[in-house]
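One file, coords_1.pdb, carrying PDB, C-alpha atoms:
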```
ATOM      1  CA  MET O   1     174.283  87.207 221.205
ATOM      2  CA  THR O   2     172.821  89.180 224.100
ATOM      3  CA  LEU O   3     169.440  90.645 224.973
ATOM      4  CA  GLN O   4     170.936  94.137 224.777
ATOM      5  CA  GLU O   5     172.112  93.500 221.208
ATOM      6  CA  LEU O   6     168.589  92.436 220.279
ATOM      7  CA  ARG O   7     167.270  95.667 221.798
ATOM      8  CA  TYR O   8     169.726  97.601 219.621
ATOM      9  CA  LEU O   9     168.533  95.629 216.604
ATOM     10  CA  VAL O  10     164.897  96.552 217.276
ATOM     11  CA  ALA O  11     165.760 100.206 217.915
ATOM     12  CA  LEU O  12     167.658 100.530 214.629
ATOM     13  CA  ALA O  13     164.788  98.937 212.706
ATOM     14  CA  ASP O  14     162.278 101.298 214.334
ATOM     15  CA  HIS O  15     164.275 104.471 213.764
ATOM     16  CA  GLY O  16     165.925 103.596 210.451
ATOM     17  CA  HIS O  17     168.932 105.743 211.362
ATOM     18  CA  PHE O  18     172.014 104.923 213.441
ATOM     19  CA  GLY O  19     172.143 108.347 215.092
ATOM     20  CA  ARG O  20     168.500 108.441 216.176
ATOM     21  CA  ALA O  21     168.555 104.802 217.302
ATOM     22  CA  ALA O  22     171.715 105.407 219.347
ATOM     23  CA  GLU O  23     170.126 108.447 220.976
ATOM     24  CA  ALA O  24     167.031 106.405 221.864
ATOM     25  CA  CYS O  25     169.278 103.741 223.428
ATOM     26  CA  PHE O  26     171.381 106.334 225.304
ATOM     27  CA  ILE O  27     174.624 105.193 223.669
ATOM     28  CA  THR O  28     176.951 106.654 221.052
ATOM     29  CA  GLN O  29     176.419 106.019 217.361
ATOM     30  CA  SER O  30     179.760 104.249 217.098
ATOM     31  CA  THR O  31     178.841 101.910 219.952
ATOM     32  CA  LEU O  32     175.532 101.028 218.288
ATOM     33  CA  SER O  33     177.239 100.437 214.949
ATOM     34  CA  THR O  34     179.818  98.189 216.598
ATOM     35  CA  GLN O  35     177.189  96.148 218.444
ATOM     36  CA  ILE O  36     175.069  95.655 215.307
ATOM     37  CA  LYS O  37     178.151  94.577 213.330
ATOM     38  CA  LYS O  38     179.091  92.208 216.167
ATOM     39  CA  LEU O  39     175.617  90.652 216.020
ATOM     40  CA  GLU O  40     175.841  90.293 212.229
ATOM     41  CA  ASP O  41     179.237  88.599 212.526
ATOM     42  CA  PHE O  42     177.887  86.207 215.157
ATOM     43  CA  LEU O  43     174.880  85.283 212.995
ATOM     44  CA  GLY O  44     176.820  85.249 209.742
ATOM     45  CA  VAL O  45     174.269  87.366 207.863
ATOM     46  CA  THR O  46     173.757  91.016 206.957
ATOM     47  CA  LEU O  47     170.796  92.362 208.928
ATOM     48  CA  PHE O  48     170.539  95.873 207.442
ATOM     49  CA  ASP O  49     170.930  97.490 204.035
ATOM     50  CA  ARG O  50     173.039 100.552 204.768
ATOM     51  CA  SER O  51     173.133 101.831 201.171
ATOM     52  CA  LEU O  52     169.727 103.530 201.397
ATOM     53  CA  LYS O  53     168.886 106.890 202.955
ATOM     54  CA  ARG O  54     166.910 105.043 205.629
ATOM     55  CA  VAL O  55     168.656 102.001 207.109
ATOM     56  CA  THR O  56     166.372  99.097 206.184
ATOM     57  CA  PRO O  57     166.323  95.447 207.298
ATOM     58  CA  THR O  58     167.346  92.912 204.675
ATOM     59  CA  PRO O  59     164.922  90.054 203.903
ATOM     60  CA  ILE O  60     166.613  87.759 206.458
ATOM     61  CA  GLY O  61     166.943  90.759 208.757
ATOM     62  CA  LYS O  62     163.154  91.175 208.750
ATOM     63  CA  GLU O  63     162.658  87.564 209.831
ATOM     64  CA  ILE O  64     165.263  87.826 212.572
ATOM     65  CA  LEU O  65     163.822  91.181 213.635
ATOM     66  CA  GLN O  66     160.407  89.646 214.314
ATOM     67  CA  ALA O  67     161.972  86.953 216.481
ATOM     68  CA  ALA O  68     164.046  89.608 218.254
ATOM     69  CA  ARG O  69     160.901  91.655 218.975
ATOM     70  CA  ASN O  70     159.277  88.608 220.547
ATOM     71  CA  ILE O  71     162.314  87.957 222.735
ATOM     72  CA  VAL O  72     162.594  91.597 223.838
ATOM     73  CA  GLU O  73     158.853  91.695 224.528
ATOM     74  CA  GLU O  74     159.014  88.550 226.636
ATOM     75  CA  ALA O  75     161.986  89.937 228.555
ATOM     76  CA  GLU O  76     159.991  93.105 229.195
ATOM     77  CA  ARG O  77     157.073  90.964 230.344
ATOM     78  CA  ILE O  78     159.306  89.289 232.936
ATOM     79  CA  ARG O  79     160.488  92.679 234.154
ATOM     80  CA  GLU O  80     156.930  94.009 234.330
ATOM     81  CA  LEU O  81     155.699  90.920 236.158
ATOM     82  CA  ALA O  82     158.315  91.385 238.833
ATOM     83  CA  LYS O  83     157.821  95.138 239.087
ATOM     84  CA  HIS O  84     154.044  95.173 239.211
ATOM     85  CA  ALA O  85     153.279  91.872 240.924
ATOM     86  CA  GLN O  86     151.807  93.654 243.932
ATOM     87  CA  ASN O  87     149.778  96.262 242.026
ATOM     88  CA  PRO O  88     149.170  95.942 238.264
ATOM     89  CA  MET O  89     147.622  99.429 238.214
ATOM     90  CA  THR O  90     150.832 101.186 239.217
ATOM     91  CA  ARG O  91     152.523 101.656 235.872
ATOM     92  CA  THR O  92     152.750 103.873 232.779
ATOM     93  CA  LEU O  93     150.714 103.112 229.664
ATOM     94  CA  HIS O  94     151.104 104.674 226.225
ATOM     95  CA  LEU O  95     147.532 105.032 224.969
ATOM     96  CA  GLY O  96     146.508 105.844 221.394
ATOM     97  CA  VAL O  97     143.164 107.570 220.762
ATOM     98  CA  ILE O  98     141.400 108.344 217.482
ATOM     99  CA  PRO O  99     140.857 112.103 216.833
ATOM    100  CA  THR O 100     137.055 111.829 216.609
ATOM    101  CA  LEU O 101     136.930 110.395 220.130
ATOM    102  CA  GLY O 102     139.788 111.972 222.056
ATOM    103  CA  PRO O 103     138.552 115.546 222.674
ATOM    104  CA  TYR O 104     135.092 114.368 223.703
ATOM    105  CA  TYR O 105     135.766 111.220 225.733
ATOM    106  CA  LEU O 106     139.259 111.575 227.186
ATOM    107  CA  PRO O 107     138.440 114.227 229.834
ATOM    108  CA  HIS O 108     135.808 111.871 231.251
ATOM    109  CA  ALA O 109     137.930 108.719 230.891
ATOM    110  CA  LEU O 110     141.079 110.245 232.405
ATOM    111  CA  THR O 111     139.193 111.621 235.405
ATOM    112  CA  LEU O 112     137.593 108.228 235.970
ATOM    113  CA  ALA O 113     140.851 106.286 235.591
ATOM    114  CA  HIS O 114     142.838 108.642 237.837
ATOM    115  CA  LYS O 115     140.207 108.521 240.562
ATOM    116  CA  LYS O 116     140.018 104.723 240.532
ATOM    117  CA  HIS O 117     143.706 104.024 239.827
ATOM    118  CA  PRO O 118     145.864 106.954 241.026
ATOM    119  CA  GLY O 119     149.058 104.996 240.336
ATOM    120  CA  LEU O 120     148.223 104.534 236.658
ATOM    121  CA  ARG O 121     149.924 107.074 234.391
ATOM    122  CA  LEU O 122     148.444 107.416 230.895
ATOM    123  CA  LEU O 123     150.588 108.990 228.175
ATOM    124  CA  LEU O 124     148.328 109.898 225.269
ATOM    125  CA  ARG O 125     148.913 109.970 221.533
ATOM    126  CA  GLU O 126     146.137 111.077 219.162
ATOM    127  CA  GLU O 127     146.396 109.183 215.866
ATOM    128  CA  MET O 128     144.194 107.692 213.179
ATOM    129  CA  THR O 129     143.231 104.024 213.397
ATOM    130  CA  PRO O 130     145.879 102.618 210.971
ATOM    131  CA  GLN O 131     148.690 104.330 212.886
ATOM    132  CA  ILE O 132     147.350 103.156 216.261
ATOM    133  CA  LEU O 133     147.159  99.557 215.021
ATOM    134  CA  GLU O 134     150.661  99.783 213.573
ATOM    135  CA  HIS O 135     152.085 101.171 216.799
ATOM    136  CA  LEU O 136     150.308  98.558 218.892
ATOM    137  CA  VAL O 137     152.020  95.847 216.867
ATOM    138  CA  ASP O 138     155.483  97.421 217.021
ATOM    139  CA  GLY O 139     155.177  98.196 220.739
ATOM    140  CA  LYS O 140     155.207 102.004 220.550
ATOM    141  CA  LEU O 141     151.710 101.984 222.061
ATOM    142  CA  ASP O 142     150.435  99.751 224.863
ATOM    143  CA  ALA O 143     146.714 100.153 224.139
ATOM    144  CA  GLY O 144     144.299 102.047 221.937
ATOM    145  CA  LEU O 145     140.823 103.525 222.200
ATOM    146  CA  LEU O 146     139.232 103.196 218.791
ATOM    147  CA  ALA O 147     136.165 102.219 216.800
ATOM    148  CA  LEU O 148     135.544  98.522 216.240
ATOM    149  CA  PRO O 149     135.820  96.071 214.602
ATOM    150  CA  VAL O 150     139.546  95.377 214.619
ATOM    151  CA  GLY O 151     140.541  92.367 212.552
ATOM    152  CA  ASP O 152     143.966  91.495 213.938
ATOM    153  CA  GLU O 153     144.213  88.204 215.812
ATOM    154  CA  ALA O 154     147.341  89.440 217.586
ATOM    155  CA  LEU O 155     145.231  92.050 219.394
ATOM    156  CA  ARG O 156     142.722  91.624 222.173
ATOM    157  CA  VAL O 157     139.575  93.739 221.974
ATOM    158  CA  GLU O 158     137.296  94.729 224.845
ATOM    159  CA  PRO O 159     134.146  96.590 223.650
ATOM    160  CA  LEU O 160     133.273  99.502 225.937
ATOM    161  CA  PHE O 161     130.214 101.292 224.575
ATOM    162  CA  TYR O 162     127.995 101.985 221.572
ATOM    163  CA  GLU O 163     127.963 105.624 220.482
ATOM    164  CA  PRO O 164     124.954 106.583 218.317
ATOM    165  CA  PHE O 165     125.221 109.083 215.477
ATOM    166  CA  TYR O 166     123.137 112.245 215.191
ATOM    167  CA  ALA O 167     122.379 114.336 212.124
ATOM    168  CA  ALA O 168     123.834 117.859 212.192
ATOM    169  CA  LEU O 169     121.781 120.114 209.925
ATOM    170  CA  PRO O 170     122.127 123.756 208.831
ATOM    171  CA  ALA O 171     119.613 125.998 210.578
ATOM    172  CA  GLY O 172     116.421 126.188 208.548
ATOM    173  CA  HIS O 173     117.060 122.923 206.671
ATOM    174  CA  ALA O 174     113.852 121.162 205.642
ATOM    175  CA  LEU O 175     114.770 118.055 207.657
ATOM    176  CA  ALA O 176     115.094 120.176 210.810
ATOM    177  CA  LYS O 177     111.298 120.353 210.902
ATOM    178  CA  ARG O 178     111.241 116.702 211.931
ATOM    179  CA  ALA O 179     111.905 115.645 215.526
ATOM    180  CA  VAL O 180     113.376 112.274 214.520
ATOM    181  CA  LEU O 181     114.991 111.228 211.243
ATOM    182  CA  LYS O 182     115.359 107.983 209.361
ATOM    183  CA  VAL O 183     118.623 107.136 207.627
ATOM    184  CA  ALA O 184     116.723 107.165 204.334
ATOM    185  CA  ASP O 185     115.941 110.861 204.897
ATOM    186  CA  ILE O 186     119.569 111.864 204.395
ATOM    187  CA  MET O 187     120.534 109.447 201.623
ATOM    188  CA  SER O 188     120.044 112.029 198.858
ATOM    189  CA  GLU O 189     121.394 114.991 200.849
ATOM    190  CA  LYS O 190     124.867 116.495 200.517
ATOM    191  CA  LEU O 191     126.810 114.763 203.284
ATOM    192  CA  LEU O 192     129.998 116.413 204.517
ATOM    193  CA  LEU O 193     132.749 113.909 205.312
ATOM    194  CA  LEU O 194     136.076 113.784 207.081
ATOM    195  CA  ASP O 195     139.233 113.378 205.037
ATOM    196  CA  GLU O 196     140.645 109.991 203.993
ATOM    197  CA  GLY O 197     142.110 107.973 206.847
ATOM    198  CA  HIS O 198     139.465 108.814 209.455
ATOM    199  CA  CYS O 199     137.474 105.738 210.437
ATOM    200  CA  LEU O 200     134.396 107.941 210.962
ATOM    201  CA  ARG O 201     134.456 108.727 207.243
ATOM    202  CA  ASP O 202     134.158 105.034 206.428
ATOM    203  CA  GLN O 203     131.416 104.596 209.015
ATOM    204  CA  ALA O 204     129.433 107.496 207.532
ATOM    205  CA  LEU O 205     129.751 105.939 204.075
ATOM    206  CA  ASP O 206     128.536 102.619 205.495
ATOM    207  CA  VAL O 207     125.454 104.393 206.851
ATOM    208  CA  CYS O 208     124.664 106.549 203.823
ATOM    209  CA  GLY O 209     126.055 104.459 200.991
ATOM    210  CA  ALA O 210     129.332 104.518 199.079
ATOM    211  CA  GLY O 211     127.771 106.741 196.426
ATOM    212  CA  THR O 212     127.959 109.596 198.921
ATOM    213  CA  ALA O 213     131.700 109.915 198.305
ATOM    214  CA  ALA O 214     131.114 110.647 194.628
ATOM    215  CA  ARG O 215     128.973 113.669 195.543
ATOM    216  CA  GLU O 216     131.383 115.303 197.984
ATOM    217  CA  GLU O 217     133.086 118.551 197.052
ATOM    218  CA  VAL O 218     134.854 119.409 200.292
ATOM    219  CA  ARG O 219     136.385 117.411 203.132
ATOM    220  CA  ALA O 220     137.312 118.304 206.687
ATOM    221  CA  THR O 221     140.155 117.275 208.966
ATOM    222  CA  SER O 222     138.166 117.401 212.223
ATOM    223  CA  LEU O 223     134.639 117.186 213.581
ATOM    224  CA  GLU O 224     134.753 120.828 214.629
ATOM    225  CA  THR O 225     135.562 121.852 211.055
ATOM    226  CA  LEU O 226     132.643 119.743 209.864
ATOM    227  CA  ARG O 227     130.392 121.486 212.383
ATOM    228  CA  GLN O 228     131.484 124.889 211.090
ATOM    229  CA  MET O 229     130.860 123.825 207.503
ATOM    230  CA  VAL O 230     127.354 122.699 208.435
ATOM    231  CA  GLY O 231     126.782 126.064 210.126
ATOM    232  CA  MET O 232     127.784 127.773 206.872
ATOM    233  CA  GLY O 233     125.071 125.852 205.058
ATOM    234  CA  LEU O 234     127.437 123.711 202.970
ATOM    235  CA  GLY O 235     125.669 120.452 203.795
ATOM    236  CA  LEU O 236     124.859 118.125 206.660
ATOM    237  CA  THR O 237     126.967 115.596 208.542
ATOM    238  CA  LEU O 238     126.903 112.831 211.140
ATOM    239  CA  LEU O 239     128.180 113.580 214.637
ATOM    240  CA  PRO O 240     128.959 110.930 217.277
ATOM    241  CA  ALA O 241     126.894 111.400 220.427
ATOM    242  CA  LEU O 242     129.792 112.565 222.617
ATOM    243  CA  ALA O 243     130.635 115.325 220.130
ATOM    244  CA  VAL O 244     127.086 116.683 220.002
ATOM    245  CA  ASP O 245     127.128 118.464 223.356
ATOM    246  CA  ALA O 246     130.793 119.466 223.279
ATOM    247  CA  ALA O 247     131.308 123.212 223.520
ATOM    248  CA  PRO O 248     131.240 124.102 219.810
ATOM    249  CA  ARG O 249     132.758 127.173 218.243
ATOM    250  CA  VAL O 250     129.673 127.339 216.046
ATOM    251  CA  SER O 251     126.509 128.840 217.481
ATOM    252  CA  LYS O 252     123.850 126.256 218.252
ATOM    253  CA  LYS O 253     121.479 128.494 216.316
ATOM    254  CA  ALA O 254     123.489 127.772 213.165
ATOM    255  CA  VAL O 255     123.482 123.976 213.541
ATOM    256  CA  GLU O 256     120.472 121.886 214.494
ATOM    257  CA  ILE O 257     120.875 118.353 215.849
ATOM    258  CA  ARG O 258     118.366 115.593 215.214
ATOM    259  CA  PRO O 259     118.413 111.963 216.442
ATOM    260  CA  PHE O 260     117.729 108.946 214.247
ATOM    261  CA  LYS O 261     114.880 106.514 214.664
ATOM    262  CA  SER O 262     115.747 103.544 216.896
ATOM    263  CA  PRO O 263     117.923 101.609 216.432
ATOM    264  CA  PRO O 264     120.157 104.525 215.446
ATOM    265  CA  PRO O 265     123.310 104.153 213.359
ATOM    266  CA  GLY O 266     126.509 104.492 215.342
ATOM    267  CA  ARG O 267     129.833 102.952 216.253
ATOM    268  CA  THR O 268     131.203 100.687 218.971
ATOM    269  CA  ILE O 269     134.226 101.978 220.883
ATOM    270  CA  GLY O 270     136.635  99.534 222.475
ATOM    271  CA  LEU O 271     139.951  99.228 224.286
ATOM    272  CA  VAL O 272     142.528  97.258 222.286
ATOM    273  CA  TRP O 273     145.892  95.823 223.361
ATOM    274  CA  ARG O 274     148.375  93.124 222.319
ATOM    275  CA  ARG O 275     147.511  89.604 223.426
ATOM    276  CA  ARG O 276     151.180  89.092 224.324
ATOM    277  CA  ALA O 277     151.398  92.330 226.314
ATOM    278  CA  PRO O 278     152.986  92.109 229.774
ATOM    279  CA  PHE O 279     150.516  92.107 232.650
ATOM    280  CA  PRO O 280     147.151  91.950 230.820
ATOM    281  CA  GLU O 281     145.373  92.496 234.151
ATOM    282  CA  THR O 282     146.177  96.195 233.810
ATOM    283  CA  PHE O 283     144.180  96.503 230.594
ATOM    284  CA  GLU O 284     141.353  94.296 231.826
ATOM    285  CA  ARG O 285     140.891  96.380 234.966
ATOM    286  CA  LEU O 286     141.159  99.649 233.045
ATOM    287  CA  ALA O 287     138.477  98.437 230.618
ATOM    288  CA  ALA O 288     136.238  97.401 233.518
ATOM    289  CA  THR O 289     136.676 100.824 235.127
ATOM    290  CA  LEU O 290     135.776 102.623 231.903
ATOM    291  CA  LYS O 291     132.723 100.419 231.330
ATOM    292  CA  ALA O 292     131.497 100.979 234.889
ATOM    293  CA  GLY O 293     131.411 104.767 234.472
ATOM    294  CA  LEU O 294     130.134 105.550 230.991
ATOM    295  CA  PRO O 295     129.315 109.175 230.058
ATOM    296  CA  ALA O 296     125.774 110.196 229.190
ATOM    297  CA  GLY O 297     124.729 109.645 225.598
ATOM    298  CA  VAL O 298     126.348 106.248 225.016
ATOM    299  CA  GLU O 299     125.143 102.712 225.650
ATOM    300  CA  ALA O 300     126.938  99.847 227.397
ATOM    301  CA  VAL O 301     127.810  96.834 225.243
TER     302      VAL O 301
END
```

Here is a file; write its structure as structure tokens.
Amino acid sequence: MTLQELRYLVALADHGHFGRAAEACFITQSTLSTQIKKLEDFLGVTLFDRSLKRVTPTPIGKEILQAARNIVEEAERIRELAKHAQNPMTRTLHLGVIPTLGPYYLPHALTLAHKKHPGLRLLLREEMTPQILEHLVDGKLDAGLLALPVGDEALRVEPLFYEPFYAALPAGHALAKRAVLKVADIMSEKLLLLDEGHCLRDQALDVCGAGTAAREEVRATSLETLRQMVGMGLGLTLLPALAVDAAPRVSKKAVEIRPFKSPPPGRTIGLVWRRRAPFPETFERLAATLKAGLPAGVEAV
């Protein structure tokens, strides 16, 4: 049993297809098949069910797969330690970002990170929270920028900032006559929400009450769509602070923004990575850099 065979095992489990896994490993499909069969013969067990459309680990295969992931991860840690011993900020990171944060925070964060750490290369993937957490665990992502809390003990969380929510109202709405709102003011209003899967949807329901979901008639897939719907007079919504001043496609005359009475509702954004990740200093220093240069409109935590 070799480390390379364990890498092939992990690749096949991730891709669920011999051809795609072989391509990812830069070998032929026949070579991958031979190596997996060799590993199965050595262990004396069948690791994959090949009768299904997607190649799937057997029950014992799943247990062995988890151990294999740990071994491959530790081997990668050794390689990273040797490679980046002199400068932990000279490396490539795969970073996941939630859609309600990415367009509004990433330009600022990337500029800040590149200026402070020019050797750090960030490859970005915009995904919803469940997918980011899944890909952090399976190693497809190195870190994630998302809304807290995160309840996985295998992950380390570094809070960065608190982002307050604002009310976005149709022009001429009765509540627009007030300079500051209370959460109670919008409890009986028609609240426009993002589609299922967006963490901001759940946060809005936490603020306004679960009964809000029963009153919704339409849902949106992005904050900009929500803003347009508000401008059309279909209802009101909550916007995170960083999205408020983003260049909207909707005229500011069509949507009026009002703050909430202090302390305002909002969300905490943090940087999340695996506790067992190679070279944790990279993530710690990146988090410190981001916290030291926060954009206007958010509060340090």

* Have a look at CA of Gly231 (chain O) and CA of Phe165 (chain O) and let me know their distance in Å, one decimal. =>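 These atoms are spaced 17.9 Å apart.
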
* Starting from the displayed file, determine the output of the PyMOL selection byres ((chain O and resi 139-149) around 9) and express the residue list as a PyMOL selection string. => chain O and resi 69+73+93-98+101-102+125+128-129+132-138+150-151+157+159+199-200+267-274+277+283

Would you write out those residues with C-alpha atoms, as a PDB file, in the frame of the given file?
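File result.pdb, as written:
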```
ATOM      1  CA  ARG O  69     160.901  91.655 218.975  1.00  0.00           C
ATOM      2  CA  GLU O  73     158.853  91.695 224.528  1.00  0.00           C
ATOM      3  CA  LEU O  93     150.714 103.112 229.664  1.00  0.00           C
ATOM      4  CA  HIS O  94     151.104 104.674 226.225  1.00  0.00           C
ATOM      5  CA  LEU O  95     147.532 105.032 224.969  1.00  0.00           C
ATOM      6  CA  GLY O  96     146.508 105.844 221.394  1.00  0.00           C
ATOM      7  CA  VAL O  97     143.164 107.570 220.762  1.00  0.00           C
ATOM      8  CA  ILE O  98     141.400 108.344 217.482  1.00  0.00           C
ATOM      9  CA  LEU O 101     136.930 110.395 220.130  1.00  0.00           C
ATOM     10  CA  GLY O 102     139.788 111.972 222.056  1.00  0.00           C
ATOM     11  CA  ARG O 125     148.913 109.970 221.533  1.00  0.00           C
ATOM     12  CA  MET O 128     144.194 107.692 213.179  1.00  0.00           C
ATOM     13  CA  THR O 129     143.231 104.024 213.397  1.00  0.00           C
ATOM     14  CA  ILE O 132     147.350 103.156 216.261  1.00  0.00           C
ATOM     15  CA  LEU O 133     147.159  99.557 215.021  1.00  0.00           C
ATOM     16  CA  GLU O 134     150.661  99.783 213.573  1.00  0.00           C
ATOM     17  CA  HIS O 135     152.085 101.171 216.799  1.00  0.00           C
ATOM     18  CA  LEU O 136     150.308  98.558 218.892  1.00  0.00           C
ATOM     19  CA  VAL O 137     152.020  95.847 216.867  1.00  0.00           C
ATOM     20  CA  ASP O 138     155.483  97.421 217.021  1.00  0.00           C
ATOM     21  CA  VAL O 150     139.546  95.377 214.619  1.00  0.00           C
ATOM     22  CA  GLY O 151     140.541  92.367 212.552  1.00  0.00           C
ATOM     23  CA  VAL O 157     139.575  93.739 221.974  1.00  0.00           C
ATOM     24  CA  PRO O 159     134.146  96.590 223.650  1.00  0.00           C
ATOM     25  CA  CYS O 199     137.474 105.738 210.437  1.00  0.00           C
ATOM     26  CA  LEU O 200     134.396 107.941 210.962  1.00  0.00           C
ATOM     27  CA  ARG O 267     129.833 102.952 216.253  1.00  0.00           C
ATOM     28  CA  THR O 268     131.203 100.687 218.971  1.00  0.00           C
ATOM     29  CA  ILE O 269     134.226 101.978 220.883  1.00  0.00           C
ATOM     30  CA  GLY O 270     136.635  99.534 222.475  1.00  0.00           C
ATOM     31  CA  LEU O 271     139.951  99.228 224.286  1.00  0.00           C
ATOM     32  CA  VAL O 272     142.528  97.258 222.286  1.00  0.00           C
ATOM     33  CA  TRP O 273     145.892  95.823 223.361  1.00  0.00           C
ATOM     34  CA  ARG O 274     148.375  93.124 222.319  1.00  0.00           C
ATOM     35  CA  ALA O 277     151.398  92.330 226.314  1.00  0.00           C
ATOM     36  CA  PHE O 283     144.180  96.503 230.594  1.00  0.00           C
TER      37      PHE O 283
END
```

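Nearest to Thr225 (chain O) of all the residues O:Glu189, O:Ala113, O:Thr100, O:Ala292 is O:Thr100, counting all atoms listed in the file.
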
* Asked: the PyMOL selection byres ((chain O and resi 190) around 7) on the file shown: which residues, as a list in words?
  -> Ser188, Glu189, Leu191, Leu192, Gly235 and Leu236 of chain O

Run the PyMOL selection byres ((chain O and resi 39) around 12) against the file shown and list the residues it catches, as a CSV table (one decimal) with C-alpha atoms, in the coordinates of the input.
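Here's the written file selection_16.csv:
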```csv
chain,number,residue,atom,x,y,z
O,1,MET,CA,174.3,87.2,221.2
O,2,THR,CA,172.8,89.2,224.1
O,3,LEU,CA,169.4,90.6,225.0
O,4,GLN,CA,170.9,94.1,224.8
O,5,GLU,CA,172.1,93.5,221.2
O,6,LEU,CA,168.6,92.4,220.3
O,7,ARG,CA,167.3,95.7,221.8
O,8,TYR,CA,169.7,97.6,219.6
O,9,LEU,CA,168.5,95.6,216.6
O,32,LEU,CA,175.5,101.0,218.3
O,33,SER,CA,177.2,100.4,214.9
O,34,THR,CA,179.8,98.2,216.6
O,35,GLN,CA,177.2,96.1,218.4
O,36,ILE,CA,175.1,95.7,215.3
O,37,LYS,CA,178.2,94.6,213.3
O,38,LYS,CA,179.1,92.2,216.2
O,40,GLU,CA,175.8,90.3,212.2
O,41,ASP,CA,179.2,88.6,212.5
O,42,PHE,CA,177.9,86.2,215.2
O,43,LEU,CA,174.9,85.3,213.0
O,44,GLY,CA,176.8,85.2,209.7
O,45,VAL,CA,174.3,87.4,207.9
O,46,THR,CA,173.8,91.0,207.0
O,47,LEU,CA,170.8,92.4,208.9
O,48,PHE,CA,170.5,95.9,207.4
O,61,GLY,CA,166.9,90.8,208.8
O,64,ILE,CA,165.3,87.8,212.6
O,68,ALA,CA,164.0,89.6,218.3
```

* Counting only C-alpha atoms, which of O:Ile78, O:Ala167, O:Ile186, O:Leu181 gets nearest to Leu238 (chain O)? ->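 Under the stated criterion, the closest residue is O:Ala167.
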
* Please indicate the distance in Å from CA of Val230 (chain O) to CA of Leu294 (chain O), rounded to one decimal place. => 28.5 Å
